[in-house]
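K.L.:
Have a peek at upload_19.txt (compact mmCIF, N, CA and C atoms).
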# COMPACT_ATOMS: atom_id res chain seq x y z
N MET A 1 0.86 -1.17 0.00
CA MET A 1 0.00 0.00 0.00
C MET A 1 0.91 1.23 0.00
N ASN A 2 0.57 2.18 -0.83
CA ASN A 2 1.38 3.39 -0.88
C ASN A 2 1.00 4.34 0.25
N ARG A 3 1.85 5.32 0.46
CA ARG A 3 1.69 6.27 1.57
C ARG A 3 0.39 7.06 1.47
N GLU A 4 0.04 7.49 0.26
CA GLU A 4 -1.18 8.29 0.08
C GLU A 4 -2.43 7.48 0.44
N THR A 5 -2.45 6.23 0.03
CA THR A 5 -3.60 5.38 0.34
C THR A 5 -3.70 5.13 1.84
N GLU A 6 -2.57 4.86 2.47
CA GLU A 6 -2.57 4.65 3.92
C GLU A 6 -3.10 5.89 4.64
N LYS A 7 -2.63 7.05 4.23
CA LYS A 7 -3.08 8.29 4.87
C LYS A 7 -4.58 8.52 4.61
N PHE A 8 -5.03 8.27 3.40
CA PHE A 8 -6.45 8.43 3.07
C PHE A 8 -7.30 7.51 3.95
N ILE A 9 -6.89 6.27 4.08
CA ILE A 9 -7.64 5.33 4.90
C ILE A 9 -7.65 5.78 6.36
N LYS A 10 -6.50 6.17 6.89
CA LYS A 10 -6.41 6.63 8.28
C LYS A 10 -7.32 7.82 8.56
N VAL A 11 -7.35 8.77 7.65
CA VAL A 11 -8.09 10.01 7.87
C VAL A 11 -9.56 9.87 7.51
N TYR A 12 -9.86 9.36 6.34
CA TYR A 12 -11.23 9.41 5.81
C TYR A 12 -12.05 8.15 6.04
N LEU A 13 -11.40 7.04 6.38
CA LEU A 13 -12.16 5.81 6.64
C LEU A 13 -12.02 5.37 8.09
N SER A 14 -11.56 6.28 8.93
CA SER A 14 -11.41 5.99 10.36
C SER A 14 -12.78 5.86 11.02
N LEU A 15 -12.78 5.35 12.23
CA LEU A 15 -14.03 5.13 12.96
C LEU A 15 -14.88 6.40 13.03
N GLU A 16 -14.24 7.54 13.22
CA GLU A 16 -14.98 8.80 13.34
C GLU A 16 -15.64 9.22 12.02
N GLN A 17 -15.09 8.78 10.90
CA GLN A 17 -15.58 9.22 9.58
C GLN A 17 -16.33 8.13 8.81
N ALA A 18 -16.03 6.89 9.06
CA ALA A 18 -16.51 5.78 8.22
C ALA A 18 -18.02 5.66 8.14
N TYR A 19 -18.72 6.08 9.19
CA TYR A 19 -20.18 5.93 9.21
C TYR A 19 -20.91 7.18 8.73
N ASP A 20 -20.16 8.20 8.33
CA ASP A 20 -20.76 9.42 7.80
C ASP A 20 -20.95 9.24 6.29
N THR A 21 -22.17 8.99 5.90
CA THR A 21 -22.47 8.75 4.49
C THR A 21 -23.26 9.90 3.89
N THR A 22 -22.97 11.11 4.33
CA THR A 22 -23.70 12.29 3.84
C THR A 22 -23.28 12.70 2.45
N GLY A 23 -22.28 12.04 1.89
CA GLY A 23 -21.92 12.32 0.52
C GLY A 23 -20.71 13.21 0.33
N TYR A 24 -19.97 13.50 1.39
CA TYR A 24 -18.82 14.38 1.27
C TYR A 24 -17.57 13.66 0.78
N LEU A 25 -17.47 12.36 0.97
CA LEU A 25 -16.21 11.65 0.78
C LEU A 25 -15.70 11.70 -0.66
N ARG A 26 -16.53 11.35 -1.61
CA ARG A 26 -16.09 11.36 -3.01
C ARG A 26 -15.67 12.76 -3.45
N PRO A 27 -16.50 13.80 -3.22
CA PRO A 27 -16.06 15.14 -3.63
C PRO A 27 -14.81 15.60 -2.88
N ALA A 28 -14.67 15.21 -1.62
CA ALA A 28 -13.48 15.59 -0.86
C ALA A 28 -12.22 14.99 -1.49
N LEU A 29 -12.28 13.72 -1.83
CA LEU A 29 -11.13 13.08 -2.47
C LEU A 29 -10.79 13.74 -3.79
N HIS A 30 -11.81 13.96 -4.61
CA HIS A 30 -11.58 14.48 -5.96
C HIS A 30 -11.25 15.98 -5.97
N ALA A 31 -11.31 16.62 -4.81
CA ALA A 31 -10.88 18.02 -4.70
C ALA A 31 -9.36 18.14 -4.60
N PHE A 32 -8.69 17.02 -4.28
CA PHE A 32 -7.24 17.02 -4.22
C PHE A 32 -6.66 17.03 -5.63
N LYS A 33 -5.36 17.25 -5.72
CA LYS A 33 -4.68 17.22 -7.02
C LYS A 33 -4.83 15.84 -7.64
N GLU A 34 -4.87 15.81 -8.96
CA GLU A 34 -5.07 14.57 -9.70
C GLU A 34 -4.02 13.52 -9.34
N GLU A 35 -2.79 13.93 -9.06
CA GLU A 35 -1.73 12.98 -8.71
C GLU A 35 -2.08 12.22 -7.42
N TYR A 36 -2.64 12.95 -6.45
CA TYR A 36 -3.02 12.32 -5.19
C TYR A 36 -4.18 11.35 -5.41
N VAL A 37 -5.19 11.79 -6.14
CA VAL A 37 -6.36 10.95 -6.42
C VAL A 37 -5.92 9.68 -7.14
N SER A 38 -5.06 9.82 -8.13
CA SER A 38 -4.56 8.66 -8.88
C SER A 38 -3.77 7.72 -7.98
N SER A 39 -3.00 8.28 -7.08
CA SER A 39 -2.21 7.46 -6.17
C SER A 39 -3.11 6.68 -5.21
N VAL A 40 -4.15 7.32 -4.71
CA VAL A 40 -5.10 6.63 -3.83
C VAL A 40 -5.80 5.51 -4.60
N ARG A 41 -6.21 5.80 -5.82
CA ARG A 41 -6.88 4.78 -6.64
C ARG A 41 -5.95 3.60 -6.89
N GLN A 42 -4.74 3.90 -7.30
CA GLN A 42 -3.76 2.85 -7.57
C GLN A 42 -3.49 2.03 -6.31
N GLY A 43 -3.37 2.71 -5.18
CA GLY A 43 -3.12 2.02 -3.92
C GLY A 43 -4.27 1.11 -3.52
N LEU A 44 -5.50 1.60 -3.66
CA LEU A 44 -6.66 0.76 -3.32
C LEU A 44 -6.76 -0.43 -4.26
N GLU A 45 -6.51 -0.21 -5.54
CA GLU A 45 -6.56 -1.31 -6.50
C GLU A 45 -5.50 -2.36 -6.19
N THR A 46 -4.32 -1.91 -5.78
CA THR A 46 -3.25 -2.83 -5.41
C THR A 46 -3.64 -3.64 -4.17
N VAL A 47 -4.18 -2.96 -3.17
CA VAL A 47 -4.63 -3.64 -1.95
C VAL A 47 -5.69 -4.69 -2.29
N LEU A 48 -6.62 -4.35 -3.15
CA LEU A 48 -7.67 -5.30 -3.52
C LEU A 48 -7.09 -6.49 -4.29
N ARG A 49 -6.11 -6.24 -5.13
CA ARG A 49 -5.51 -7.31 -5.92
C ARG A 49 -4.64 -8.23 -5.07
N THR A 50 -3.84 -7.65 -4.17
CA THR A 50 -2.88 -8.43 -3.40
C THR A 50 -3.41 -8.90 -2.05
N ARG A 51 -4.49 -8.26 -1.59
CA ARG A 51 -5.06 -8.55 -0.28
C ARG A 51 -3.98 -8.46 0.81
N GLU A 52 -3.21 -7.39 0.74
CA GLU A 52 -2.07 -7.23 1.64
C GLU A 52 -2.42 -6.69 3.02
N ILE A 53 -3.64 -6.24 3.22
CA ILE A 53 -4.06 -5.72 4.52
C ILE A 53 -4.92 -6.76 5.21
N SER A 54 -4.58 -7.07 6.44
CA SER A 54 -5.41 -7.98 7.23
C SER A 54 -6.44 -7.18 8.01
N VAL A 55 -7.37 -7.88 8.60
CA VAL A 55 -8.37 -7.24 9.46
C VAL A 55 -7.68 -6.49 10.59
N GLY A 56 -6.65 -7.08 11.16
CA GLY A 56 -5.90 -6.45 12.25
C GLY A 56 -5.18 -5.18 11.78
N ASP A 57 -4.58 -5.24 10.59
CA ASP A 57 -3.91 -4.06 10.03
C ASP A 57 -4.91 -2.92 9.84
N TYR A 58 -6.07 -3.26 9.29
CA TYR A 58 -7.08 -2.24 9.02
C TYR A 58 -7.60 -1.64 10.32
N GLU A 59 -7.79 -2.49 11.31
CA GLU A 59 -8.27 -1.99 12.62
C GLU A 59 -7.23 -1.05 13.26
N ARG A 60 -5.96 -1.38 13.13
CA ARG A 60 -4.91 -0.50 13.67
C ARG A 60 -4.91 0.86 12.97
N LEU A 61 -5.22 0.88 11.68
CA LEU A 61 -5.27 2.14 10.93
C LEU A 61 -6.51 2.97 11.24
N THR A 62 -7.64 2.30 11.46
CA THR A 62 -8.92 3.01 11.48
C THR A 62 -9.74 2.85 12.75
N ASP A 63 -9.45 1.86 13.57
CA ASP A 63 -10.28 1.47 14.72
C ASP A 63 -11.62 0.87 14.29
N VAL A 64 -11.75 0.51 13.02
CA VAL A 64 -12.96 -0.14 12.53
C VAL A 64 -12.68 -1.64 12.47
N GLU A 65 -13.59 -2.43 13.06
CA GLU A 65 -13.43 -3.87 13.13
C GLU A 65 -14.26 -4.56 12.06
N PHE A 66 -13.68 -5.60 11.48
CA PHE A 66 -14.38 -6.46 10.53
C PHE A 66 -14.31 -7.89 11.04
N GLU A 67 -15.33 -8.65 10.73
CA GLU A 67 -15.42 -10.03 11.18
C GLU A 67 -14.30 -10.88 10.60
N ASP A 68 -14.02 -10.68 9.30
CA ASP A 68 -12.98 -11.46 8.64
C ASP A 68 -12.48 -10.71 7.41
N ASP A 69 -11.45 -11.26 6.78
CA ASP A 69 -10.86 -10.61 5.61
C ASP A 69 -11.86 -10.47 4.47
N ASP A 70 -12.72 -11.46 4.29
CA ASP A 70 -13.70 -11.38 3.21
C ASP A 70 -14.62 -10.17 3.38
N ALA A 71 -15.08 -9.93 4.60
CA ALA A 71 -15.94 -8.77 4.87
C ALA A 71 -15.18 -7.46 4.63
N LEU A 72 -13.93 -7.42 5.05
CA LEU A 72 -13.11 -6.24 4.82
C LEU A 72 -12.95 -5.96 3.33
N TYR A 73 -12.63 -6.99 2.57
CA TYR A 73 -12.39 -6.78 1.14
C TYR A 73 -13.67 -6.51 0.36
N GLU A 74 -14.78 -7.00 0.84
CA GLU A 74 -16.06 -6.65 0.24
C GLU A 74 -16.32 -5.15 0.42
N TYR A 75 -16.06 -4.66 1.63
CA TYR A 75 -16.21 -3.24 1.93
C TYR A 75 -15.25 -2.39 1.09
N LEU A 76 -13.97 -2.79 1.04
CA LEU A 76 -13.00 -2.01 0.27
C LEU A 76 -13.31 -2.01 -1.22
N THR A 77 -13.82 -3.12 -1.73
CA THR A 77 -14.24 -3.17 -3.14
C THR A 77 -15.38 -2.19 -3.37
N SER A 78 -16.37 -2.21 -2.50
CA SER A 78 -17.49 -1.28 -2.61
C SER A 78 -17.04 0.17 -2.49
N MET A 79 -16.08 0.42 -1.60
CA MET A 79 -15.56 1.77 -1.42
C MET A 79 -14.84 2.24 -2.69
N CYS A 80 -14.06 1.38 -3.28
CA CYS A 80 -13.36 1.72 -4.52
C CYS A 80 -14.37 2.02 -5.64
N GLN A 81 -15.42 1.22 -5.71
CA GLN A 81 -16.48 1.47 -6.70
C GLN A 81 -17.16 2.80 -6.44
N TYR A 82 -17.39 3.13 -5.19
CA TYR A 82 -18.01 4.41 -4.84
C TYR A 82 -17.11 5.58 -5.20
N LEU A 83 -15.85 5.48 -4.86
CA LEU A 83 -14.93 6.60 -5.07
C LEU A 83 -14.56 6.82 -6.54
N PHE A 84 -14.47 5.74 -7.31
CA PHE A 84 -13.90 5.86 -8.66
C PHE A 84 -14.80 5.36 -9.78
N GLU A 85 -15.92 4.77 -9.45
CA GLU A 85 -16.83 4.28 -10.48
C GLU A 85 -18.20 4.91 -10.23
N ALA A 86 -19.23 4.29 -10.67
CA ALA A 86 -20.55 4.91 -10.63
C ALA A 86 -21.41 4.44 -9.45
N ARG A 87 -20.82 3.78 -8.48
CA ARG A 87 -21.62 3.34 -7.33
C ARG A 87 -22.24 4.56 -6.66
N GLU A 88 -23.55 4.53 -6.48
CA GLU A 88 -24.26 5.69 -5.96
C GLU A 88 -24.04 5.94 -4.48
N LYS A 89 -24.21 4.91 -3.68
CA LYS A 89 -24.17 5.09 -2.23
C LYS A 89 -22.82 4.67 -1.65
N GLN A 90 -22.37 5.46 -0.71
CA GLN A 90 -21.13 5.13 0.00
C GLN A 90 -21.37 3.94 0.90
N PRO A 91 -20.50 2.93 0.83
CA PRO A 91 -20.67 1.77 1.71
C PRO A 91 -20.38 2.12 3.17
N VAL A 92 -20.97 1.36 4.04
CA VAL A 92 -20.80 1.55 5.48
C VAL A 92 -20.18 0.28 6.05
N PRO A 93 -19.16 0.42 6.89
CA PRO A 93 -18.60 -0.77 7.52
C PRO A 93 -19.61 -1.41 8.47
N PRO A 94 -19.36 -2.63 8.90
CA PRO A 94 -20.32 -3.28 9.82
C PRO A 94 -20.40 -2.54 11.15
N ASN A 95 -21.48 -2.78 11.87
CA ASN A 95 -21.67 -2.15 13.19
C ASN A 95 -20.84 -2.81 14.24
Re-express the file's structure as structure tokens.

P.N.:
Amino acid sequence: MNRETEKFIKVYLSLEQAYDTTGYLRPALHAFKEEYVSSVRQGLETVLRTREISVGDYERLTDVEFEDDDALYEYLTSMCQYLFEAREKQPVPPN
């Protein structure tokens, strides 16, 4: 995972932010310079392809808990679709 993606996850997908689905996240990301947005996209795509983050790693970054790796990667896939594709609603992590 690249530094930009790690920082994005820590700041914008942390426990305090992850459940806020008011619609600010996508515009906030895309307000950054294109280089940063591209780096976050590339980093998320790499994480999804390699599955290099465990549930424990993600919890240390965000304080958000997932039942297992499959649930985490389902969420991250949905988040990537929301941020960079046409997914309408921002996904919410489990309660």

K.L.:
Closest to Thr77 of chain A among A:Leu44, A:Asn2, A:Pro27, A:Ile9, using all atoms listed in the file?

P.N.:
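Of all the options, A:Leu44 lies closest to Thr77 of chain A.
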
K.L.:
Name the closest residue to Leu48 of chain A among the candidates A:Arg60, A:Asp68, A:Tyr73, A:His30; distances are taken between atoms, counting only N, CA and C atoms.

P.N.:
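Once distances to Leu48 of chain A are computed over only N, CA and C atoms, the minimum belongs to A:Tyr73.
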
K.L.:
Point out the residue among A:Glu88, A:Glu74, A:Leu25, A:Arg41 with the least atom-to-atom distance to Leu13 of chain A, counting only C-alpha atoms.

P.N.:
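Once distances to Leu13 of chain A are computed over only C-alpha atoms, the minimum belongs to A:Leu25.
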
K.L.:
Write down as an MDAnalysis selection string the residues of segment 5-91 of chain A whose backbone DSSP state falls under helix (DSSP H, G or I).

P.N.:
chainID A and resid 5:12 15:18 25:30 34:50 55:62 69:84

K.L.:
Work out how far atom CA of Val37 of chain A is from atom N of Glu16 of chain A, in Å to one decimal.

P.N.:
21.4 Å

K.L.:
May I ask which of the residues A:Ser54, A:Asp63, A:Thr46, A:Tyr19 is the closest one to Pro93 of chain A, counting all atoms listed in the file?

P.N.:
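That would be A:Tyr19, the residue with the smallest distance to Pro93 of chain A.
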
K.L.:
One decimal, Å: what's the distance from atom C of Glu4 of chain A over to atom C of Tyr36 of chain A, could you say?

P.N.:
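About the pair atom C of Glu4 of chain A and atom C of Tyr36 of chain A: they are 7.2 Å apart.
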
K.L.:
Could you tell me how far atom C of Arg3 of chain A lies from atom N of Asp70 of chain A, in Å and to one decimal?

P.N.:
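A separation of 22.9 Å between them.
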
K.L.:
From the set A:Ser78, A:Arg87, A:Lys7, A:Thr22, which residue has the shortest atom-to-atom contact distance to Ser39 of chain A, counting only C-alpha atoms?

P.N.:
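Checking each of A:Ser78, A:Arg87, A:Lys7, A:Thr22 against Ser39 of chain A, counting only C-alpha atoms, the winner is A:Lys7.
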
K.L.:
Hey, which of A:Val47, A:Ala86, A:Val11, A:Met1 ends up closest to Leu61 of chain A? Count only C-alpha atoms.

P.N.:
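Among the listed residues, A:Val11 lies closest to Leu61 of chain A.
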
K.L.:
I'd like the contact shell of Met79 of chain A - 8 Å cut-off, only C-alpha atoms, skipping same-chain residues fewer than 3 positions apart - returned as a list in words.

P.N.:
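Near Met79 of chain A, the qualifying residues are Tyr75, Leu76, Tyr82, Leu83, Gln90 and Pro91 of chain A.
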
K.L.:
Would you output that residue set with N, CA and C atoms, as a JSON list (two decimals), in the frame of the given file?

P.N.:
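Result file follows (result_39.json):
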[["chain", "number", "residue", "atom", "x", "y", "z"],
["A", 75, "TYR", "N", -16.06, -4.66, 1.63],
["A", 75, "TYR", "CA", -16.21, -3.24, 1.93],
["A", 75, "TYR", "C", -15.25, -2.39, 1.09],
["A", 76, "LEU", "N", -13.97, -2.79, 1.04],
["A", 76, "LEU", "CA", -13.00, -2.01, 0.27],
["A", 76, "LEU", "C", -13.31, -2.01, -1.22],
["A", 82, "TYR", "N", -17.39, 3.13, -5.19],
["A", 82, "TYR", "CA", -18.01, 4.41, -4.84],
["A", 82, "TYR", "C", -17.11, 5.58, -5.20],
["A", 83, "LEU", "N", -15.85, 5.48, -4.86],
["A", 83, "LEU", "CA", -14.93, 6.60, -5.07],
["A", 83, "LEU", "C", -14.56, 6.82, -6.54],
["A", 90, "GLN", "N", -22.37, 5.46, -0.71],
["A", 90, "GLN", "CA", -21.13, 5.13, 0.00],
["A", 90, "GLN", "C", -21.37, 3.94, 0.90],
["A", 91, "PRO", "N", -20.50, 2.93, 0.83],
["A", 91, "PRO", "CA", -20.67, 1.77, 1.71],
["A", 91, "PRO", "C", -20.38, 2.12, 3.17]]

K.L.:
Save segment 16-37 of chain A to a file: N, CA, C and O atoms, as a short mmCIF file (atom, residue, chain, number, x, y, z; two decimals), in the first residue's frame.

P.N.:
data_model
loop_
_atom_site.label_atom_id
_atom_site.label_comp_id
_atom_site.auth_asym_id
_atom_site.auth_seq_id
_atom_site.Cartn_x
_atom_site.Cartn_y
_atom_site.Cartn_z
N GLU A 16 -14.24 7.54 13.22
CA GLU A 16 -14.98 8.80 13.34
C GLU A 16 -15.64 9.22 12.02
O GLU A 16 -16.62 9.94 12.03
N GLN A 17 -15.09 8.78 10.90
CA GLN A 17 -15.58 9.22 9.58
C GLN A 17 -16.33 8.13 8.81
O GLN A 17 -17.16 8.45 7.97
N ALA A 18 -16.03 6.89 9.06
CA ALA A 18 -16.51 5.78 8.22
C ALA A 18 -18.02 5.66 8.14
O ALA A 18 -18.57 5.20 7.14
N TYR A 19 -18.72 6.08 9.19
CA TYR A 19 -20.18 5.93 9.21
C TYR A 19 -20.91 7.18 8.73
O TYR A 19 -22.13 7.21 8.69
N ASP A 20 -20.16 8.20 8.33
CA ASP A 20 -20.76 9.42 7.80
C ASP A 20 -20.95 9.24 6.29
O ASP A 20 -20.01 9.33 5.52
N THR A 21 -22.17 8.99 5.90
CA THR A 21 -22.47 8.75 4.49
C THR A 21 -23.26 9.90 3.89
O THR A 21 -24.11 9.70 3.02
N THR A 22 -22.97 11.11 4.33
CA THR A 22 -23.70 12.29 3.84
C THR A 22 -23.28 12.70 2.45
O THR A 22 -23.86 13.63 1.88
N GLY A 23 -22.28 12.04 1.89
CA GLY A 23 -21.92 12.32 0.52
C GLY A 23 -20.71 13.21 0.33
O GLY A 23 -20.40 13.61 -0.79
N TYR A 24 -19.97 13.50 1.39
CA TYR A 24 -18.82 14.38 1.27
C TYR A 24 -17.57 13.66 0.78
O TYR A 24 -16.65 14.28 0.24
N LEU A 25 -17.47 12.36 0.97
CA LEU A 25 -16.21 11.65 0.78
C LEU A 25 -15.70 11.70 -0.66
O LEU A 25 -14.54 12.05 -0.90
N ARG A 26 -16.53 11.35 -1.61
CA ARG A 26 -16.09 11.36 -3.01
C ARG A 26 -15.67 12.76 -3.45
O ARG A 26 -14.57 12.93 -3.99
N PRO A 27 -16.50 13.80 -3.22
CA PRO A 27 -16.06 15.14 -3.63
C PRO A 27 -14.81 15.60 -2.88
O PRO A 27 -13.97 16.31 -3.45
N ALA A 28 -14.67 15.21 -1.62
CA ALA A 28 -13.48 15.59 -0.86
C ALA A 28 -12.22 14.99 -1.49
O ALA A 28 -11.22 15.68 -1.67
N LEU A 29 -12.28 13.72 -1.83
CA LEU A 29 -11.13 13.08 -2.47
C LEU A 29 -10.79 13.74 -3.79
O LEU A 29 -9.65 14.07 -4.08
N HIS A 30 -11.81 13.96 -4.61
CA HIS A 30 -11.58 14.48 -5.96
C HIS A 30 -11.25 15.98 -5.97
O HIS A 30 -10.90 16.52 -7.02
N ALA A 31 -11.31 16.62 -4.81
CA ALA A 31 -10.88 18.02 -4.70
C ALA A 31 -9.36 18.14 -4.60
O ALA A 31 -8.81 19.21 -4.82
N PHE A 32 -8.69 17.02 -4.28
CA PHE A 32 -7.24 17.02 -4.22
C PHE A 32 -6.66 17.03 -5.63
O PHE A 32 -7.37 16.78 -6.62
N LYS A 33 -5.36 17.25 -5.72
CA LYS A 33 -4.68 17.22 -7.02
C LYS A 33 -4.83 15.84 -7.64
O LYS A 33 -4.89 14.82 -6.93
N GLU A 34 -4.87 15.81 -8.96
CA GLU A 34 -5.07 14.57 -9.70
C GLU A 34 -4.02 13.52 -9.34
O GLU A 34 -4.32 12.33 -9.29
N GLU A 35 -2.79 13.93 -9.06
CA GLU A 35 -1.73 12.98 -8.71
C GLU A 35 -2.08 12.22 -7.42
O GLU A 35 -1.84 11.03 -7.31
N TYR A 36 -2.64 12.95 -6.45
CA TYR A 36 -3.02 12.32 -5.19
C TYR A 36 -4.18 11.35 -5.41
O TYR A 36 -4.15 10.21 -4.94
N VAL A 37 -5.19 11.79 -6.14
CA VAL A 37 -6.36 10.95 -6.42
C VAL A 37 -5.92 9.68 -7.14
O VAL A 37 -6.34 8.57 -6.79
#
